[in-house]
file work05.pdb (PDB, N, CA and C atoms)
ATOM      1  N   MET A   1     199.760-228.441 -13.532
ATOM      2  CA  MET A   1     198.587-229.231 -13.232
ATOM      3  C   MET A   1     197.684-228.450 -12.265
ATOM      4  N   TYR A   2     196.431-228.452 -12.501
ATOM      5  CA  TYR A   2     195.444-227.723 -11.706
ATOM      6  C   TYR A   2     195.127-228.489 -10.430
ATOM      7  N   ASP A   3     195.294-227.844  -9.312
ATOM      8  CA  ASP A   3     194.999-228.445  -8.010
ATOM      9  C   ASP A   3     194.000-227.540  -7.294
ATOM     10  N   PRO A   4     192.720-227.935  -7.223
ATOM     11  CA  PRO A   4     191.712-227.072  -6.596
ATOM     12  C   PRO A   4     192.016-226.785  -5.125
ATOM     13  N   GLU A   5     192.666-227.704  -4.439
ATOM     14  CA  GLU A   5     193.036-227.481  -3.039
ATOM     15  C   GLU A   5     194.063-226.348  -2.924
ATOM     16  N   GLU A   6     195.008-226.320  -3.849
ATOM     17  CA  GLU A   6     196.020-225.260  -3.848
ATOM     18  C   GLU A   6     195.398-223.913  -4.207
ATOM     19  N   VAL A   7     194.459-223.900  -5.127
ATOM     20  CA  VAL A   7     193.767-222.667  -5.502
ATOM     21  C   VAL A   7     193.020-222.109  -4.289
ATOM     22  N   GLU A   8     192.355-222.978  -3.543
ATOM     23  CA  GLU A   8     191.639-222.561  -2.340
ATOM     24  C   GLU A   8     192.616-222.038  -1.285
ATOM     25  N   PHE A   9     193.753-222.694  -1.132
ATOM     26  CA  PHE A   9     194.783-222.248  -0.195
ATOM     27  C   PHE A   9     195.232-220.827  -0.560
ATOM     28  N   ASN A  10     195.543-220.628  -1.824
ATOM     29  CA  ASN A  10     196.037-219.317  -2.276
ATOM     30  C   ASN A  10     194.989-218.217  -2.115
ATOM     31  N   LYS A  11     193.737-218.581  -2.165
ATOM     32  CA  LYS A  11     192.638-217.623  -2.001
ATOM     33  C   LYS A  11     192.686-216.954  -0.624
ATOM     34  N   TYR A  12     193.075-217.706   0.396
ATOM     35  CA  TYR A  12     193.078-217.198   1.765
ATOM     36  C   TYR A  12     194.465-216.922   2.344
ATOM     37  N   ALA A  13     195.516-217.390   1.708
ATOM     38  CA  ALA A  13     196.866-217.332   2.275
ATOM     39  C   ALA A  13     197.277-215.928   2.718
ATOM     40  N   ARG A  14     197.145-214.950   1.881
ATOM     41  CA  ARG A  14     197.581-213.588   2.224
ATOM     42  C   ARG A  14     196.785-212.999   3.384
ATOM     43  N   ALA A  15     195.519-213.314   3.454
ATOM     44  CA  ALA A  15     194.687-212.802   4.548
ATOM     45  C   ALA A  15     195.168-213.303   5.906
ATOM     46  N   TYR A  16     195.806-214.461   5.925
ATOM     47  CA  TYR A  16     196.297-215.044   7.173
ATOM     48  C   TYR A  16     197.796-214.828   7.379
ATOM     49  N   GLY A  17     198.437-214.124   6.466
ATOM     50  CA  GLY A  17     199.864-213.830   6.619
ATOM     51  C   GLY A  17     200.790-214.875   6.020
ATOM     52  N   PHE A  18     200.290-215.667   5.102
ATOM     53  CA  PHE A  18     201.100-216.679   4.430
ATOM     54  C   PHE A  18     201.192-216.340   2.953
ATOM     55  N   GLY A  19     201.997-217.086   2.233
ATOM     56  CA  GLY A  19     202.129-216.888   0.797
ATOM     57  C   GLY A  19     201.868-218.192   0.063
ATOM     58  N   PRO A  20     201.755-218.125  -1.252
ATOM     59  CA  PRO A  20     201.505-219.332  -2.038
ATOM     60  C   PRO A  20     202.590-220.397  -1.848
ATOM     61  N   ALA A  21     203.809-219.983  -1.557
ATOM     62  CA  ALA A  21     204.909-220.939  -1.372
ATOM     63  C   ALA A  21     204.741-221.792  -0.118
ATOM     64  N   ASP A  22     203.863-221.394   0.796
ATOM     65  CA  ASP A  22     203.656-222.155   2.032
ATOM     66  C   ASP A  22     202.758-223.368   1.832
ATOM     67  N   TYR A  23     202.078-223.442   0.703
ATOM     68  CA  TYR A  23     201.200-224.577   0.434
ATOM     69  C   TYR A  23     202.019-225.866   0.368
ATOM     70  N   GLY A  24     201.593-226.848   1.112
ATOM     71  CA  GLY A  24     202.236-228.156   1.064
ATOM     72  C   GLY A  24     203.487-228.296   1.904
ATOM     73  N   LYS A  25     203.900-227.252   2.585
ATOM     74  CA  LYS A  25     205.102-227.345   3.413
ATOM     75  C   LYS A  25     204.866-228.325   4.550
ATOM     76  N   VAL A  26     205.919-229.035   4.892
ATOM     77  CA  VAL A  26     205.856-230.015   5.972
ATOM     78  C   VAL A  26     206.409-229.388   7.240
ATOM     79  N   ILE A  27     205.655-229.518   8.319
ATOM     80  CA  ILE A  27     206.102-229.038   9.623
ATOM     81  C   ILE A  27     205.983-230.180  10.623
ATOM     82  N   PHE A  28     206.785-230.100  11.671
ATOM     83  CA  PHE A  28     206.770-231.129  12.710
ATOM     84  C   PHE A  28     206.230-230.530  13.988
ATOM     85  N   ILE A  29     205.183-231.147  14.516
ATOM     86  CA  ILE A  29     204.584-230.727  15.780
ATOM     87  C   ILE A  29     204.607-231.946  16.698
ATOM     88  N   GLU A  30     205.321-231.807  17.803
ATOM     89  CA  GLU A  30     205.461-232.895  18.776
ATOM     90  C   GLU A  30     205.927-234.187  18.111
ATOM     91  N   GLY A  31     206.868-234.062  17.176
ATOM     92  CA  GLY A  31     207.451-235.222  16.521
ATOM     93  C   GLY A  31     206.638-235.839  15.408
ATOM     94  N   VAL A  32     205.518-235.243  15.076
ATOM     95  CA  VAL A  32     204.662-235.761  14.005
ATOM     96  C   VAL A  32     204.752-234.822  12.807
ATOM     97  N   ALA A  33     204.938-235.387  11.610
ATOM     98  CA  ALA A  33     205.046-234.594  10.387
ATOM     99  C   ALA A  33     203.658-234.309   9.827
ATOM    100  N   TYR A  34     203.408-233.022   9.572
ATOM    101  CA  TYR A  34     202.143-232.575   8.993
ATOM    102  C   TYR A  34     202.408-231.746   7.740
ATOM    103  N   GLN A  35     201.483-231.805   6.807
ATOM    104  CA  GLN A  35     201.547-230.982   5.602
ATOM    105  C   GLN A  35     200.494-229.886   5.730
ATOM    106  N   PHE A  36     200.919-228.654   5.503
ATOM    107  CA  PHE A  36     200.035-227.490   5.582
ATOM    108  C   PHE A  36     199.297-227.389   4.251
ATOM    109  N   TYR A  37     197.965-227.556   4.293
ATOM    110  CA  TYR A  37     197.235-227.624   3.026
ATOM    111  C   TYR A  37     196.042-226.685   2.895
ATOM    112  N   GLY A  38     195.657-225.989   3.967
ATOM    113  CA  GLY A  38     194.481-225.145   3.783
ATOM    114  C   GLY A  38     194.068-224.377   5.011
ATOM    115  N   PHE A  39     192.896-223.755   4.873
ATOM    116  CA  PHE A  39     192.344-222.909   5.921
ATOM    117  C   PHE A  39     190.867-223.208   6.129
ATOM    118  N   ALA A  40     190.423-222.979   7.356
ATOM    119  CA  ALA A  40     189.003-223.053   7.695
ATOM    120  C   ALA A  40     188.600-221.609   7.993
ATOM    121  N   PRO A  41     188.173-220.860   6.985
ATOM    122  CA  PRO A  41     187.943-219.423   7.151
ATOM    123  C   PRO A  41     186.924-219.045   8.219
ATOM    124  N   LYS A  42     186.012-219.939   8.552
ATOM    125  CA  LYS A  42     185.011-219.614   9.578
ATOM    126  C   LYS A  42     185.497-219.940  10.987
ATOM    127  N   ALA A  43     186.625-220.629  11.086
ATOM    128  CA  ALA A  43     187.168-220.992  12.399
ATOM    129  C   ALA A  43     187.904-219.797  12.989
ATOM    130  N   ARG A  44     187.638-219.505  14.240
ATOM    131  CA  ARG A  44     188.284-218.365  14.878
ATOM    132  C   ARG A  44     189.628-218.746  15.492
ATOM    133  N   LYS A  45     189.646-219.825  16.244
ATOM    134  CA  LYS A  45     190.849-220.173  16.994
ATOM    135  C   LYS A  45     191.818-221.066  16.207
ATOM    136  N   TYR A  46     191.304-221.987  15.414
ATOM    137  CA  TYR A  46     192.141-222.954  14.703
ATOM    138  C   TYR A  46     191.857-222.915  13.191
ATOM    139  N   PRO A  47     192.313-221.883  12.500
ATOM    140  CA  PRO A  47     191.986-221.762  11.075
ATOM    141  C   PRO A  47     192.904-222.528  10.118
ATOM    142  N   CYS A  48     194.034-223.023  10.590
ATOM    143  CA  CYS A  48     194.988-223.694   9.698
ATOM    144  C   CYS A  48     194.721-225.198   9.666
ATOM    145  N   LEU A  49     194.691-225.740   8.470
ATOM    146  CA  LEU A  49     194.425-227.164   8.284
ATOM    147  C   LEU A  49     195.727-227.891   7.957
ATOM    148  N   LEU A  50     195.996-228.934   8.721
ATOM    149  CA  LEU A  50     197.196-229.742   8.540
ATOM    150  C   LEU A  50     196.793-231.200   8.446
ATOM    151  N   ARG A  51     197.457-231.945   7.557
ATOM    152  CA  ARG A  51     197.205-233.382   7.491
ATOM    153  C   ARG A  51     198.519-234.115   7.725
ATOM    154  N   LYS A  52     198.393-235.259   8.369
ATOM    155  CA  LYS A  52     199.583-236.060   8.625
ATOM    156  C   LYS A  52     200.172-236.514   7.293
ATOM    157  N   VAL A  53     201.485-236.477   7.220
ATOM    158  CA  VAL A  53     202.162-236.871   5.986
ATOM    159  C   VAL A  53     201.890-238.338   5.658
ATOM    160  N   ASP A  54     201.716-239.158   6.683
ATOM    161  CA  ASP A  54     201.449-240.578   6.433
ATOM    162  C   ASP A  54     200.001-240.853   6.012
ATOM    163  N   GLY A  55     199.181-239.800   5.942
ATOM    164  CA  GLY A  55     197.799-239.939   5.493
ATOM    165  C   GLY A  55     196.848-240.480   6.537
ATOM    166  N   GLN A  56     197.270-240.540   7.776
ATOM    167  CA  GLN A  56     196.459-241.145   8.830
ATOM    168  C   GLN A  56     195.711-240.138   9.689
ATOM    169  N   GLY A  57     195.308-239.015   9.142
ATOM    170  CA  GLY A  57     194.521-238.063   9.906
ATOM    171  C   GLY A  57     194.901-236.622   9.623
ATOM    172  N   ALA A  58     194.141-235.736  10.221
ATOM    173  CA  ALA A  58     194.351-234.301  10.030
ATOM    174  C   ALA A  58     194.014-233.575  11.322
ATOM    175  N   ILE A  59     194.553-232.364  11.452
ATOM    176  CA  ILE A  59     194.263-231.531  12.618
ATOM    177  C   ILE A  59     194.065-230.090  12.159
ATOM    178  N   LYS A  60     193.520-229.291  13.059
ATOM    179  CA  LYS A  60     193.447-227.848  12.864
ATOM    180  C   LYS A  60     194.435-227.239  13.846
ATOM    181  N   ALA A  61     195.045-226.115  13.459
ATOM    182  CA  ALA A  61     196.041-225.478  14.314
ATOM    183  C   ALA A  61     195.850-223.970  14.308
ATOM    184  N   THR A  62     196.435-223.322  15.315
ATOM    185  CA  THR A  62     196.385-221.864  15.383
ATOM    186  C   THR A  62     197.368-221.267  14.380
ATOM    187  N   LEU A  63     197.143-220.013  14.031
ATOM    188  CA  LEU A  63     198.068-219.303  13.154
ATOM    189  C   LEU A  63     199.454-219.255  13.778
ATOM    190  N   GLU A  64     199.506-218.981  15.070
ATOM    191  CA  GLU A  64     200.784-218.854  15.765
ATOM    192  C   GLU A  64     201.589-220.150  15.714
ATOM    193  N   THR A  65     200.930-221.261  15.893
ATOM    194  CA  THR A  65     201.616-222.562  15.849
ATOM    195  C   THR A  65     202.233-222.804  14.491
ATOM    196  N   VAL A  66     201.471-222.595  13.440
ATOM    197  CA  VAL A  66     201.961-222.849  12.088
ATOM    198  C   VAL A  66     203.086-221.875  11.743
ATOM    199  N   LYS A  67     202.906-220.606  12.044
ATOM    200  CA  LYS A  67     203.952-219.623  11.739
ATOM    201  C   LYS A  67     205.234-219.941  12.486
ATOM    202  N   LYS A  68     205.121-220.347  13.735
ATOM    203  CA  LYS A  68     206.292-220.693  14.533
ATOM    204  C   LYS A  68     207.056-221.860  13.889
ATOM    205  N   HIS A  69     206.335-222.883  13.474
ATOM    206  CA  HIS A  69     206.989-224.053  12.901
ATOM    207  C   HIS A  69     207.478-223.820  11.467
ATOM    208  N   LEU A  70     206.941-222.821  10.787
ATOM    209  CA  LEU A  70     207.434-222.483   9.454
ATOM    210  C   LEU A  70     208.557-221.452   9.524
ATOM    211  N   GLY A  71     208.790-220.928  10.708
ATOM    212  CA  GLY A  71     209.840-219.931  10.877
ATOM    213  C   GLY A  71     209.455-218.550  10.386
ATOM    214  N   LEU A  72     208.180-218.220  10.454
ATOM    215  CA  LEU A  72     207.703-216.901  10.008
ATOM    216  C   LEU A  72     207.562-215.950  11.176
TER     217      LEU A  72
END

call {"tool": "encode", "arguments": {"input": "work05.pdb", "output": "structure tokens"}}
result
Amino acid sequence: MYDPEEVEFNKYARAYGFGPADYGKVIFIEGVAYQFYGFAPKARKYPCLLRKVDGQGAIKATLETVKKHLGL
């Protein structure tokens, strides 16, 4: 099934040090579950886009934060 959000994720993933398999992974930050779904390529400090698994909001995060929680 074609997912334009996943295609956009894959477009930037390697440039930020991630791979296609990282799309949709769930990470926990301060006890809250987030799904890693994309990038904000123009953002300098917080380029990673995360949305709450419960659908109640989204945040931007640093590369270091996401990599740390994904174990990269």

call {"tool": "resolve_selection", "arguments": {"input": "work05.pdb", "expression": "the PyMOL selection byres ((chain A and resi 45) around 8)", "output": "list in words"}}
result
Lys42, Ala43, Arg44, Tyr46, Pro47, Cys48, Lys60, Ala61, Thr62 and Leu63 of chain A

call {"tool": "atom_distance", "arguments": {"input": "work05.pdb", "atom1": "atom C of Ala15 in chain A", "atom2": "CA of Gln56 in chain A"}}
result
28.0 Å

call {"tool": "closest_residue", "arguments": {"input": "work05.pdb", "among": "A:Gly19, A:Glu5, A:Gly57, A:Lys52", "to": "Leu70 in chain A", "atoms": "only C-alpha atoms"}}
result
A:Gly19

call {"tool": "residues_near_point", "arguments": {"input": "work05.pdb", "point": "(198.4, -228.2, 11.8)", "cutoff": "8 Å", "atoms": "all atoms listed in the file", "output": "PyMOL selection string"}}
result
chain A and resi 27+29+34-37+48-52+58-62+65-66

call {"tool": "closest_residue", "arguments": {"input": "work05.pdb", "among": "A:Tyr23, A:Glu8, A:Glu64, A:Asp54", "to": "Ala40 in chain A", "atoms": "only C-alpha atoms"}}
result
A:Glu8

call {"tool": "atom_distance", "arguments": {"input": "work05.pdb", "atom1": "CA of Met1 in chain A", "atom2": "CA of Ala13 in chain A"}}
result
19.6 Å

call {"tool": "closest_residue", "arguments": {"input": "work05.pdb", "among": "A:Val53, A:Val26, A:Pro41, A:Ala33", "to": "His69 in chain A", "atoms": "all atoms listed in the file"}}
result
A:Val26

call {"tool": "select_by_dssp", "arguments": {"input": "work05.pdb", "residues": "range 3-52 of chain A", "states": "alpha helix (DSSP H)", "output": "mmCIF file with N, CA and C atoms, keeping the file's coordinate frame"}}
result
data_model
loop_
_atom_site.group_PDB
_atom_site.id
_atom_site.type_symbol
_atom_site.label_atom_id
_atom_site.label_comp_id
_atom_site.auth_asym_id
_atom_site.auth_seq_id
_atom_site.Cartn_x
_atom_site.Cartn_y
_atom_site.Cartn_z
ATOM 1 N N PRO A 4 192.720 -227.935 -7.223
ATOM 2 C CA PRO A 4 191.712 -227.072 -6.596
ATOM 3 C C PRO A 4 192.016 -226.785 -5.125
ATOM 4 N N GLU A 5 192.666 -227.704 -4.439
ATOM 5 C CA GLU A 5 193.036 -227.481 -3.039
ATOM 6 C C GLU A 5 194.063 -226.348 -2.924
ATOM 7 N N GLU A 6 195.008 -226.320 -3.849
ATOM 8 C CA GLU A 6 196.020 -225.260 -3.848
ATOM 9 C C GLU A 6 195.398 -223.913 -4.207
ATOM 10 N N VAL A 7 194.459 -223.900 -5.127
ATOM 11 C CA VAL A 7 193.767 -222.667 -5.502
ATOM 12 C C VAL A 7 193.020 -222.109 -4.289
ATOM 13 N N GLU A 8 192.355 -222.978 -3.543
ATOM 14 C CA GLU A 8 191.639 -222.561 -2.340
ATOM 15 C C GLU A 8 192.616 -222.038 -1.285
ATOM 16 N N PHE A 9 193.753 -222.694 -1.132
ATOM 17 C CA PHE A 9 194.783 -222.248 -0.195
ATOM 18 C C PHE A 9 195.232 -220.827 -0.560
ATOM 19 N N ASN A 10 195.543 -220.628 -1.824
ATOM 20 C CA ASN A 10 196.037 -219.317 -2.276
ATOM 21 C C ASN A 10 194.989 -218.217 -2.115
ATOM 22 N N LYS A 11 193.737 -218.581 -2.165
ATOM 23 C CA LYS A 11 192.638 -217.623 -2.001
ATOM 24 C C LYS A 11 192.686 -216.954 -0.624
ATOM 25 N N TYR A 12 193.075 -217.706 0.396
ATOM 26 C CA TYR A 12 193.078 -217.198 1.765
ATOM 27 C C TYR A 12 194.465 -216.922 2.344
ATOM 28 N N ALA A 13 195.516 -217.390 1.708
ATOM 29 C CA ALA A 13 196.866 -217.332 2.275
ATOM 30 C C ALA A 13 197.277 -215.928 2.718
#

call {"tool": "atom_distance", "arguments": {"input": "work05.pdb", "atom1": "CA of Arg14 in chain A", "atom2": "CA of Lys68 in chain A"}}
result
16.7 Å

call {"tool": "select_by_dssp", "arguments": {"input": "work05.pdb", "residues": "chain A", "states": "strand (DSSP E)", "output": "PyMOL selection string"}}
result
chain A and resi 26-29+32-39+48-52+58-61

call {"tool": "build_atoms", "arguments": {"input": "work05.pdb", "residues": "range 2-23 of chain A", "atoms": "N, CA, C and O atoms", "output": "tab-separated table (two decimals), in the frame of the given file"}}
result
chain	number	residue	atom	x	y	z
A	2	TYR	N	196.43	-228.45	-12.50
A	2	TYR	CA	195.44	-227.72	-11.71
A	2	TYR	C	195.13	-228.49	-10.43
A	2	TYR	O	194.75	-229.66	-10.46
A	3	ASP	N	195.29	-227.84	-9.31
A	3	ASP	CA	195.00	-228.44	-8.01
A	3	ASP	C	194.00	-227.54	-7.29
A	3	ASP	O	194.36	-226.48	-6.81
A	4	PRO	N	192.72	-227.94	-7.22
A	4	PRO	CA	191.71	-227.07	-6.60
A	4	PRO	C	192.02	-226.78	-5.12
A	4	PRO	O	191.70	-225.72	-4.62
A	5	GLU	N	192.67	-227.70	-4.44
A	5	GLU	CA	193.04	-227.48	-3.04
A	5	GLU	C	194.06	-226.35	-2.92
A	5	GLU	O	193.98	-225.51	-2.04
A	6	GLU	N	195.01	-226.32	-3.85
A	6	GLU	CA	196.02	-225.26	-3.85
A	6	GLU	C	195.40	-223.91	-4.21
A	6	GLU	O	195.76	-222.88	-3.63
A	7	VAL	N	194.46	-223.90	-5.13
A	7	VAL	CA	193.77	-222.67	-5.50
A	7	VAL	C	193.02	-222.11	-4.29
A	7	VAL	O	193.08	-220.91	-4.00
A	8	GLU	N	192.36	-222.98	-3.54
A	8	GLU	CA	191.64	-222.56	-2.34
A	8	GLU	C	192.62	-222.04	-1.28
A	8	GLU	O	192.34	-221.04	-0.62
A	9	PHE	N	193.75	-222.69	-1.13
A	9	PHE	CA	194.78	-222.25	-0.20
A	9	PHE	C	195.23	-220.83	-0.56
A	9	PHE	O	195.30	-219.94	0.29
A	10	ASN	N	195.54	-220.63	-1.82
A	10	ASN	CA	196.04	-219.32	-2.28
A	10	ASN	C	194.99	-218.22	-2.12
A	10	ASN	O	195.34	-217.06	-1.93
A	11	LYS	N	193.74	-218.58	-2.16
A	11	LYS	CA	192.64	-217.62	-2.00
A	11	LYS	C	192.69	-216.95	-0.62
A	11	LYS	O	192.39	-215.77	-0.48
A	12	TYR	N	193.08	-217.71	0.40
A	12	TYR	CA	193.08	-217.20	1.76
A	12	TYR	C	194.46	-216.92	2.34
A	12	TYR	O	194.58	-216.29	3.39
A	13	ALA	N	195.52	-217.39	1.71
A	13	ALA	CA	196.87	-217.33	2.28
A	13	ALA	C	197.28	-215.93	2.72
A	13	ALA	O	197.72	-215.73	3.85
A	14	ARG	N	197.14	-214.95	1.88
A	14	ARG	CA	197.58	-213.59	2.22
A	14	ARG	C	196.78	-213.00	3.38
A	14	ARG	O	197.33	-212.28	4.21
A	15	ALA	N	195.52	-213.31	3.45
A	15	ALA	CA	194.69	-212.80	4.55
A	15	ALA	C	195.17	-213.30	5.91
A	15	ALA	O	194.98	-212.64	6.93
A	16	TYR	N	195.81	-214.46	5.92
A	16	TYR	CA	196.30	-215.04	7.17
A	16	TYR	C	197.80	-214.83	7.38
A	16	TYR	O	198.37	-215.33	8.35
A	17	GLY	N	198.44	-214.12	6.47
A	17	GLY	CA	199.86	-213.83	6.62
A	17	GLY	C	200.79	-214.88	6.02
A	17	GLY	O	201.96	-214.95	6.39
A	18	PHE	N	200.29	-215.67	5.10
A	18	PHE	CA	201.10	-216.68	4.43
A	18	PHE	C	201.19	-216.34	2.95
A	18	PHE	O	200.53	-215.43	2.46
A	19	GLY	N	202.00	-217.09	2.23
A	19	GLY	CA	202.13	-216.89	0.80
A	19	GLY	C	201.87	-218.19	0.06
A	19	GLY	O	201.80	-219.27	0.68
A	20	PRO	N	201.76	-218.12	-1.25
A	20	PRO	CA	201.50	-219.33	-2.04
A	20	PRO	C	202.59	-220.40	-1.85
A	20	PRO	O	202.31	-221.59	-1.94
A	21	ALA	N	203.81	-219.98	-1.56
A	21	ALA	CA	204.91	-220.94	-1.37
A	21	ALA	C	204.74	-221.79	-0.12
A	21	ALA	O	205.39	-222.83	0.02
A	22	ASP	N	203.86	-221.39	0.80
A	22	ASP	CA	203.66	-222.16	2.03
A	22	ASP	C	202.76	-223.37	1.83
A	22	ASP	O	202.70	-224.24	2.69
A	23	TYR	N	202.08	-223.44	0.70
A	23	TYR	CA	201.20	-224.58	0.43
A	23	TYR	C	202.02	-225.87	0.37
A	23	TYR	O	203.03	-225.95	-0.32
